[in-house]
$ cat query.txt   # compact mmCIF, C-alpha atoms and all ligand atoms
# COMPACT_ATOMS: atom_id res chain seq x y z
CA MET V 1 106.64 90.53 88.09
CA ASN V 2 105.50 89.78 91.64
CA GLU V 3 106.44 92.87 93.67
CA LEU V 4 106.12 90.95 96.95
CA ALA V 5 108.46 88.06 96.06
CA VAL V 6 111.56 87.40 98.18
CA VAL V 7 114.21 84.72 97.76
CA LEU V 8 116.09 83.59 100.88
CA PRO V 9 118.26 80.53 101.59
CA GLY V 10 115.96 77.54 101.02
CA LEU V 11 112.90 79.75 100.67
CA ASN V 12 111.29 81.00 97.51
CA LEU V 13 108.60 83.24 98.98
CA LYS V 14 105.66 84.65 97.03
CA ASN V 15 105.45 87.29 99.73
CA PRO V 16 107.49 88.06 102.87
CA ILE V 17 104.71 87.33 105.39
CA MET V 18 104.68 84.28 107.67
CA PRO V 19 103.04 83.51 110.98
CA ALA V 20 105.57 83.38 113.83
CA SER V 21 106.35 80.18 115.68
CA GLY V 22 103.98 79.34 118.52
CA CYS V 23 101.33 81.81 117.37
CA PHE V 24 99.79 79.66 114.63
CA GLY V 25 100.13 76.12 115.97
CA PHE V 26 100.36 73.92 112.90
CA GLY V 27 97.79 75.91 110.97
CA TYR V 28 94.56 73.88 111.48
CA GLU V 29 92.56 76.54 113.30
CA TYR V 30 93.62 79.30 110.92
CA SER V 31 92.82 77.19 107.86
CA ASN V 32 89.17 77.67 108.79
CA PHE V 33 89.59 81.41 108.26
CA TYR V 34 91.53 81.58 104.98
CA ASP V 35 93.54 79.63 102.42
CA LEU V 36 97.01 79.09 103.92
CA SER V 37 98.45 79.06 100.37
CA GLU V 38 98.27 82.85 100.55
CA LEU V 39 101.11 82.89 103.09
CA GLY V 40 104.74 83.31 102.08
CA ALA V 41 105.62 80.60 104.60
CA VAL V 42 104.46 79.06 107.85
CA ILE V 43 106.79 78.75 110.84
CA MET V 44 105.60 75.81 112.89
CA LYS V 45 105.41 75.60 116.69
CA ALA V 46 108.69 74.46 118.25
CA ALA V 47 109.58 70.77 117.91
CA THR V 48 111.54 68.95 120.62
CA GLY V 49 112.83 65.38 120.71
CA THR V 50 109.84 64.01 122.60
CA ALA V 51 106.40 65.42 123.43
CA ARG V 52 106.34 68.16 126.07
CA LEU V 53 103.34 69.21 128.14
CA GLY V 54 104.80 72.65 128.76
CA ASN V 55 104.53 74.73 131.93
CA PRO V 56 101.67 74.70 134.44
CA THR V 57 98.76 77.08 133.81
CA PRO V 58 97.99 79.96 133.84
CA ARG V 59 100.67 80.56 131.27
CA VAL V 60 99.34 83.47 129.23
CA ALA V 61 98.42 86.94 130.49
CA GLU V 62 97.31 90.09 128.73
CA THR V 63 99.16 93.31 129.62
CA ALA V 64 98.35 96.91 128.69
CA SER V 65 100.72 96.70 125.74
CA GLY V 66 101.08 93.11 124.65
CA MET V 67 100.97 89.64 126.11
CA LEU V 68 103.08 87.56 128.47
CA ASN V 69 103.45 83.84 127.84
CA ALA V 70 105.31 80.98 129.41
CA ILE V 71 104.04 78.05 127.37
CA GLY V 72 107.27 76.11 127.94
CA LEU V 73 107.58 74.57 124.49
CA GLN V 74 104.47 72.41 124.62
CA ASN V 75 104.48 70.25 121.50
CA PRO V 76 103.70 66.68 120.43
CA GLY V 77 107.35 65.81 119.66
CA VAL V 78 109.27 65.83 116.41
CA ASN V 79 108.10 62.44 115.09
CA HIS V 80 104.44 63.30 115.55
CA ILE V 81 105.02 66.66 113.87
CA ILE V 82 106.68 64.99 110.88
CA GLU V 83 104.01 62.30 110.56
CA GLN V 84 100.87 64.30 111.36
CA GLU V 85 101.41 68.05 111.10
CA VAL V 86 103.74 68.52 108.13
CA PRO V 87 101.49 66.50 105.76
CA PHE V 88 98.57 68.82 106.59
CA LEU V 89 100.58 71.98 105.87
CA ALA V 90 102.17 70.39 102.79
CA GLU V 91 98.77 70.43 101.09
CA TYR V 92 99.09 74.19 100.84
CA ASP V 93 101.26 76.05 98.36
CA THR V 94 103.49 77.68 100.96
CA SER V 95 106.95 77.12 102.40
CA ILE V 96 107.33 75.37 105.74
CA ILE V 97 109.90 76.33 108.36
CA ALA V 98 110.38 73.98 111.31
CA ASN V 99 111.20 75.70 114.61
CA ILE V 100 113.42 73.39 116.65
CA ALA V 101 114.37 73.45 120.33
CA GLY V 102 115.99 71.28 122.93
CA SER V 103 117.39 71.08 126.43
CA THR V 104 120.77 69.80 125.24
CA ILE V 105 122.84 70.16 122.09
CA GLU V 106 122.26 66.46 121.40
CA GLU V 107 118.49 67.03 121.43
CA TYR V 108 118.84 69.90 118.92
CA GLU V 109 120.93 67.63 116.69
CA MET V 110 118.43 64.80 116.92
CA VAL V 111 115.48 67.06 116.05
CA ALA V 112 117.36 68.70 113.18
CA GLU V 113 118.35 65.32 111.75
CA ALA V 114 114.77 64.10 111.94
CA PHE V 115 113.75 66.87 109.51
CA ASN V 116 116.50 65.99 107.03
CA ASP V 117 114.34 63.67 104.98
CA THR V 118 111.04 65.39 105.58
CA GLU V 119 109.77 66.46 102.21
CA HIS V 120 108.16 69.93 102.20
CA VAL V 121 110.16 71.35 105.14
CA HIS V 122 112.34 74.01 103.55
CA ALA V 123 114.32 75.47 106.46
CA LEU V 124 114.94 75.23 110.19
CA GLU V 125 114.50 78.03 112.68
CA LEU V 126 116.79 77.29 115.59
CA ASN V 127 115.06 78.46 118.75
CA ILE V 128 118.00 79.14 121.05
CA SER V 129 116.07 81.83 122.78
CA CYS V 130 113.12 80.40 124.62
CA PRO V 131 113.17 82.17 127.99
CA ASN V 132 110.63 79.79 129.51
CA VAL V 133 112.42 76.47 129.77
CA LYS V 134 114.52 75.65 132.78
CA GLU V 135 117.39 73.74 131.23
CA GLY V 136 119.42 74.92 128.31
CA GLY V 137 117.25 77.50 126.55
CA ILE V 138 118.38 80.68 128.18
CA GLN V 139 122.12 79.85 128.14
CA PHE V 140 122.04 78.96 124.44
CA GLY V 141 120.32 82.24 123.72
CA THR V 142 122.37 84.62 125.85
CA ASP V 143 125.94 83.31 125.65
CA PRO V 144 127.58 83.89 122.24
CA GLN V 145 129.86 80.85 122.64
CA MET V 146 126.97 78.53 123.47
CA ALA V 147 124.91 79.99 120.62
CA ALA V 148 127.79 79.40 118.22
CA LYS V 149 128.29 75.87 119.48
CA VAL V 150 124.68 74.77 119.04
CA THR V 151 124.53 76.46 115.62
CA GLU V 152 127.69 74.74 114.43
CA ARG V 153 126.59 71.33 115.68
CA VAL V 154 123.13 71.60 114.10
CA LYS V 155 124.63 72.90 110.87
CA ARG V 156 126.92 69.87 110.76
CA VAL V 157 124.06 67.35 110.84
CA SER V 158 121.35 69.23 108.96
CA LYS V 159 120.71 69.29 105.22
CA LEU V 160 118.46 72.37 105.55
CA PRO V 161 119.30 76.09 105.76
CA ILE V 162 119.34 77.29 109.36
CA TYR V 163 117.86 80.55 110.62
CA VAL V 164 119.02 81.16 114.18
CA LYS V 165 116.37 82.90 116.28
CA LEU V 166 117.97 85.47 118.54
CA SER V 167 116.89 86.44 122.03
CA PRO V 168 116.53 90.16 122.81
CA ASN V 169 117.37 89.40 126.47
CA VAL V 170 121.05 90.28 125.96
CA THR V 171 123.15 93.42 126.30
CA ASP V 172 124.93 92.95 122.97
CA ILE V 173 122.72 91.61 120.19
CA VAL V 174 125.45 92.22 117.59
CA ALA V 175 127.84 89.88 119.43
CA MET V 176 125.19 87.16 119.34
CA ALA V 177 124.53 87.69 115.62
CA LYS V 178 128.23 87.69 114.77
CA ALA V 179 128.81 84.50 116.76
CA VAL V 180 126.12 82.53 114.95
CA GLU V 181 127.19 83.96 111.59
CA ALA V 182 130.74 82.72 112.21
CA ALA V 183 129.29 79.34 113.23
CA GLY V 184 127.63 78.92 109.83
CA ALA V 185 124.06 80.16 110.23
CA ASP V 186 122.30 80.78 106.91
CA GLY V 187 120.05 83.49 108.31
CA LEU V 188 118.76 85.16 111.45
CA SER V 189 115.32 85.31 112.89
CA MET V 190 114.75 88.11 115.38
CA ILE V 191 113.42 88.80 117.89
CA ASN V 192 111.98 86.37 120.42
CA THR V 193 110.08 87.65 123.47
CA LEU V 194 111.49 89.83 126.27
CA THR V 195 111.33 88.44 129.79
CA GLY V 196 108.63 90.19 131.82
CA MET V 197 106.31 89.81 134.79
CA GLN V 198 102.86 91.02 135.83
CA ILE V 199 101.41 90.84 139.36
CA HIS V 200 97.76 90.27 140.19
CA LEU V 201 96.91 92.75 142.99
CA PRO V 202 94.26 90.87 145.00
CA SER V 203 96.41 87.74 145.34
CA ARG V 204 99.78 89.56 145.11
CA ARG V 205 100.95 86.71 142.90
CA PRO V 206 102.46 86.82 139.43
CA LEU V 207 99.67 86.35 136.87
CA ILE V 208 101.38 83.39 135.26
CA ALA V 209 102.37 80.26 137.14
CA ASN V 210 105.96 80.34 135.85
CA LYS V 211 106.23 83.82 137.51
CA THR V 212 108.04 85.32 134.51
CA GLY V 213 107.07 85.04 130.87
CA GLY V 214 107.96 86.39 127.47
CA LEU V 215 106.49 89.76 126.49
CA SER V 216 105.36 90.03 122.88
CA GLY V 217 103.18 92.32 120.79
CA PRO V 218 103.32 96.04 119.92
CA ALA V 219 105.31 96.92 123.08
CA ILE V 220 108.40 95.15 121.72
CA LYS V 221 108.34 96.51 118.16
CA PRO V 222 110.72 99.44 118.75
CA ILE V 223 113.18 97.05 120.38
CA ALA V 224 112.99 94.66 117.43
CA ILE V 225 113.51 97.50 114.94
CA ARG V 226 116.52 98.81 116.89
CA MET V 227 118.09 95.36 117.10
CA ILE V 228 117.58 94.60 113.40
CA TYR V 229 119.12 97.97 112.51
CA GLU V 230 122.14 97.29 114.75
CA VAL V 231 122.69 93.76 113.48
CA LYS V 232 122.31 94.79 109.84
CA GLN V 233 125.29 97.17 110.22
CA HIS V 234 127.61 94.31 111.19
CA VAL V 235 126.30 91.03 109.82
CA ASP V 236 125.67 89.89 106.28
CA LEU V 237 122.97 87.28 106.90
CA PRO V 238 119.37 87.62 105.72
CA ILE V 239 116.95 88.47 108.53
CA ILE V 240 113.41 87.29 109.22
CA GLY V 241 112.14 90.14 111.43
CA MET V 242 109.40 89.93 114.04
CA GLY V 243 108.11 91.58 117.19
CA GLY V 244 104.80 93.38 117.42
CA ILE V 245 103.86 93.47 113.75
CA CYS V 246 100.14 94.26 113.38
CA ASN V 247 99.75 95.78 109.91
CA ALA V 248 101.42 96.40 106.54
CA GLU V 249 102.98 99.69 107.73
CA ASP V 250 104.73 97.76 110.50
CA VAL V 251 106.03 95.33 107.87
CA LEU V 252 107.46 98.17 105.80
CA GLU V 253 109.21 99.55 108.90
CA PHE V 254 110.88 96.16 109.47
CA LEU V 255 111.93 95.96 105.81
CA LEU V 256 113.39 99.47 105.89
CA ALA V 257 115.33 98.61 109.07
CA GLY V 258 116.89 95.65 107.26
CA ALA V 259 114.58 92.63 107.53
CA ASP V 260 114.24 90.55 104.33
CA ALA V 261 110.97 88.95 105.42
CA VAL V 262 108.79 89.12 108.53
CA ALA V 263 106.82 86.96 110.90
CA VAL V 264 103.59 87.97 112.61
CA GLY V 265 103.00 86.54 116.08
CA THR V 266 100.74 87.89 118.80
CA ALA V 267 98.52 89.83 116.36
CA ASN V 268 97.12 86.47 115.13
CA PHE V 269 95.44 85.95 118.52
CA SER V 270 93.35 89.12 118.31
CA ASN V 271 92.76 88.97 114.56
CA PRO V 272 93.09 85.54 112.94
CA LEU V 273 92.95 87.18 109.52
CA VAL V 274 95.87 89.54 110.17
CA CYS V 275 98.39 87.80 107.87
CA LYS V 276 95.91 87.66 104.99
CA GLU V 277 95.04 91.34 105.48
CA ILE V 278 98.69 92.41 105.61
CA ILE V 279 99.45 90.52 102.37
CA ALA V 280 96.51 92.26 100.69
CA ASP V 281 97.53 95.72 101.99
CA LEU V 282 101.28 95.54 101.40
CA PRO V 283 101.39 96.47 97.66
CA ASP V 284 99.44 99.67 98.33
CA VAL V 285 101.56 100.58 101.39
CA LEU V 286 104.71 100.11 99.29
CA LYS V 287 103.29 102.25 96.49
CA ARG V 288 102.15 105.03 98.84
CA ASN V 289 105.70 105.16 100.19
CA GLY V 290 107.30 105.42 96.75
CA LEU V 291 108.46 101.82 96.50
CA SER V 292 107.67 99.38 93.71
CA SER V 293 108.70 96.15 95.43
CA VAL V 294 109.62 94.54 98.74
CA GLN V 295 113.13 94.06 97.40
CA GLU V 296 113.47 97.80 96.88
CA ALA V 297 112.53 98.48 100.53
CA ILE V 298 114.97 96.17 102.31
CA GLY V 299 117.49 98.11 104.41
CA LYS V 300 116.49 101.44 102.85
CA ALA V 301 115.84 103.44 106.02
CA VAL V 302 117.81 106.69 105.86
CA PHE V 303 120.28 107.00 108.72
CA ILE V 304 122.34 110.00 107.65
C1 LIG G 1 102.08 82.07 122.84
C2 LIG G 1 103.43 82.18 122.19
C3 LIG G 1 104.16 81.02 121.91
C4 LIG G 1 105.43 81.10 121.32
N1 LIG G 1 106.11 79.95 121.02
C5 LIG G 1 107.31 80.03 120.38
C6 LIG G 1 108.01 78.85 119.99
O1 LIG G 1 107.55 77.72 120.20
N2 LIG G 1 109.22 79.00 119.38
C7 LIG G 1 109.76 80.23 119.12
O2 LIG G 1 110.87 80.31 118.56
N3 LIG G 1 109.10 81.37 119.44
C8 LIG G 1 107.89 81.30 120.05
N4 LIG G 1 107.22 82.45 120.36
C9 LIG G 1 107.80 83.78 120.00
C10 LIG G 1 107.21 84.30 118.67
O3 LIG G 1 107.47 83.41 117.61
C11 LIG G 1 107.75 85.70 118.35
O4 LIG G 1 109.15 85.63 118.20
C12 LIG G 1 107.44 86.73 119.41
O5 LIG G 1 106.16 86.53 119.96
C13 LIG G 1 107.55 88.17 118.89
O6 LIG G 1 106.62 88.43 117.87
P1 LIG G 1 105.17 89.09 118.14
O7 LIG G 1 105.41 90.29 119.00
O8 LIG G 1 104.63 89.41 116.77
O9 LIG G 1 104.37 88.05 118.85
C14 LIG G 1 105.97 82.38 120.98
C15 LIG G 1 105.22 83.54 121.25
C16 LIG G 1 103.97 83.45 121.84
C17 LIG G 1 103.20 84.73 122.11
$ encode --input "query.txt" --output "structure tokens"
Amino acid sequence: MNELAVVLPGLNLKNPIMPASGCFGFGYEYSNFYDLSELGAVIMKAATGTARLGNPTPRVAETASGMLNAIGLQNPGVNHIIEQEVPFLAEYDTSIIANIAGSTIEEYEMVAEAFNDTEHVHALELNISCPNVKEGGIQFGTDPQMAAKVTERVKRVSKLPIYVKLSPNVTDIVAMAKAVEAAGADGLSMINTLTGMQIHLPSRRPLIANKTGGLSGPAIKPIAIRMIYEVKQHVDLPIIGMGGICNAEDVLEFLLAGADAVAVGTANFSNPLVCKEIIADLPDVLKRNGLSSVQEAIGKAVFI
């Protein structure tokens, strides 16, 4: 028996570890470091209807406890991704999740439909939570009704299971999760980055050109854990958890809080081997904590 195996809608994972969207591109650079077949899945960089150049630079800044980014959904467009990027990843024995975004509901529908007949793409991650695009993004991710509407419309046109990626930039994460569950989501992905800002003293200007950006990395882990715990009490959907994961102990914490699988984002930038190392370490971390499988750990934090 494979103690790391996890089965989720559309995804038969040999282990619960996947690189998070936007932190792994489409895998080329990382394929020079290790065999991508080791990964449970790969979540691709966001796809939009047409190519986007993203925001002006500088658009990434290091903080004392994580990074700020305002990439602005730079990507080569859904058709290029289907024709050029998916075939590269499809050579590896891993599942592929396409992260989709848009400025309008129609764009989300168009991108989702484009993946319908793309062999090797097993699920969609609906990015309703990008804080760095002017139109659309933030409203879809912070208003339960808008989130439900885009989920329902994408669900109607898509043949693939849909994991809705929630924004932490809300006062009531449970309301968001319940809204997308009622709208037909197959799973949740949480969390995206938290809006932040850093100011460069000599120039007195924000360090990134967009002024604000999304904070990611270890600083946001306790927020992610709290939100997964809260959502798990009220919603039945499987959860792909993320936010600051750096090692196998972090993964176990997410599983205990209620995540069924996890994604690793910012940590890939400082250690390109981090996903491989976590996969190698996880069996021992489970064993040392009295658990014989990933399945046994999910949602098993003790709250009484
Ligand atoms: C540089 C960068 C680009 C990102 N691009 C995307 C994206 O295209 N789509 C998306 O849903 N999330 C994107 N994210 C958010 C991550 O997938 C992840 O949810 C977030 O960074 C929290 O995980 P982490 O703390 O492990 O990085 C991006 C994050 C970073 C740092």
$ residues_around --input "query.txt" --residues "Leu8 of chain V" --least-positions-apart "5" --cutoff "12 Å" --atoms "all atoms listed in the file" --output "list in words"
Leu13, Lys14, Asn15, Pro16, Gly40, Ala41, Ser95, His122, Ala123, Pro161, Ile162, Tyr163, Asp186, Gly187, Leu188, Leu237, Pro238, Ile239, Ile240, Ala259, Asp260, Ala261, Val262 and Gln295 of chain V
$ axis_aligned_box --input "query.txt" --around "ligand LIG 1 (chain G)" --padding-each-side "6 Å" --output "JSON"
{"center_x": 106.5, "center_y": 84.0, "center_z": 119.8, "size_x": 20.8, "size_y": 24.6, "size_z": 18.1}
$ closest_residue --input "query.txt" --among "V:Met44, V:Ile128, V:Leu256, V:Met110" --to "Ala148 of chain V" --atoms "only C-alpha atoms"
V:Ile128
$ closest_residue --input "query.txt" --among "V:Asp284, V:Glu230, V:Glu181, V:Glu125" --to "ligand LIG 1 (chain G)" --atoms "all atoms listed in the file"
V:Glu125
$ closest_residue --input "query.txt" --among "V:Tyr34, V:Tyr92, V:Phe269, V:Phe26" --to "Asn75 of chain V" --atoms "all atoms listed in the file"
V:Phe26
$ residues_near_ligand --input "query.txt" --ligand "ligand LIG 1 (chain G)" --cutoff "7 Å" --atoms "all atoms listed in the file" --output "VMD selection string"
chain V and resid 20 to 23 45 to 46 67 to 69 71 73 99 127 129 to 130 165 190 to 193 216 to 218 220 to 221 242 to 245 263 to 267
$ atom_distance --input "query.txt" --atom1 "atom CA of Gly141 of chain V" --atom2 "atom CA of Ala177 of chain V"
10.6 Å
$ atom_distance --input "query.txt" --atom1 "atom CA of Gln145 of chain V" --atom2 "atom CA of Lys211 of chain V"
28.1 Å
$ atom_distance --input "query.txt" --atom1 "atom CA of Gly184 of chain V" --atom2 "atom CA of Ile81 of chain V"
26.0 Å
$ residues_around --input "query.txt" --residues "Pro76 of chain V" --least-positions-apart "2" --cutoff "7 Å" --atoms "all atoms listed in the file" --output "number ranges by chain"
V: 51-52, 78, 80-81
$ decode --input "query.txt" --residues "segment 99-132 of chain V" --atoms "C-alpha atoms" --output "PDB file, in the first residue's frame"
ATOM      1  CA  ASN V  99      -5.377  27.358 -12.922  1.00  0.00           C
ATOM      2  CA  ILE V 100      -7.817  29.591 -14.779  1.00  0.00           C
ATOM      3  CA  ALA V 101      -8.548  33.304 -14.431  1.00  0.00           C
ATOM      4  CA  GLY V 102     -10.343  36.080 -16.230  1.00  0.00           C
ATOM      5  CA  SER V 103     -11.577  39.640 -16.080  1.00  0.00           C
ATOM      6  CA  THR V 104     -15.167  38.668 -16.876  1.00  0.00           C
ATOM      7  CA  ILE V 105     -17.317  35.592 -16.325  1.00  0.00           C
ATOM      8  CA  GLU V 106     -17.337  35.051 -20.088  1.00  0.00           C
ATOM      9  CA  GLU V 107     -13.531  34.883 -20.103  1.00  0.00           C
ATOM     10  CA  TYR V 108     -13.573  32.267 -17.314  1.00  0.00           C
ATOM     11  CA  GLU V 109     -16.092  30.234 -19.318  1.00  0.00           C
ATOM     12  CA  MET V 110     -14.035  30.485 -22.495  1.00  0.00           C
ATOM     13  CA  VAL V 111     -10.833  29.381 -20.745  1.00  0.00           C
ATOM     14  CA  ALA V 112     -12.584  26.523 -18.946  1.00  0.00           C
ATOM     15  CA  GLU V 113     -14.147  25.296 -22.185  1.00  0.00           C
ATOM     16  CA  ALA V 114     -10.787  25.390 -23.931  1.00  0.00           C
ATOM     17  CA  PHE V 115      -9.489  22.789 -21.447  1.00  0.00           C
ATOM     18  CA  ASN V 116     -12.463  20.471 -21.992  1.00  0.00           C
ATOM     19  CA  ASP V 117     -10.787  18.438 -24.689  1.00  0.00           C
ATOM     20  CA  THR V 118      -7.232  18.809 -23.475  1.00  0.00           C
ATOM     21  CA  GLU V 119      -5.995  15.340 -22.742  1.00  0.00           C
ATOM     22  CA  HIS V 120      -3.881  15.101 -19.562  1.00  0.00           C
ATOM     23  CA  VAL V 121      -5.487  18.058 -17.744  1.00  0.00           C
ATOM     24  CA  HIS V 122      -7.327  16.450 -14.846  1.00  0.00           C
ATOM     25  CA  ALA V 123      -8.914  19.370 -12.986  1.00  0.00           C
ATOM     26  CA  LEU V 124      -9.364  23.128 -12.990  1.00  0.00           C
ATOM     27  CA  GLU V 125      -8.380  25.464 -10.187  1.00  0.00           C
ATOM     28  CA  LEU V 126     -10.606  28.510 -10.462  1.00  0.00           C
ATOM     29  CA  ASN V 127      -8.566  31.530  -9.444  1.00  0.00           C
ATOM     30  CA  ILE V 128     -11.245  33.922  -8.234  1.00  0.00           C
ATOM     31  CA  SER V 129      -8.840  35.436  -5.801  1.00  0.00           C
ATOM     32  CA  CYS V 130      -6.049  37.215  -7.593  1.00  0.00           C
ATOM     33  CA  PRO V 131      -5.661  40.497  -5.712  1.00  0.00           C
ATOM     34  CA  ASN V 132      -3.438  42.012  -8.383  1.00  0.00           C
TER      35      ASN V 132
END
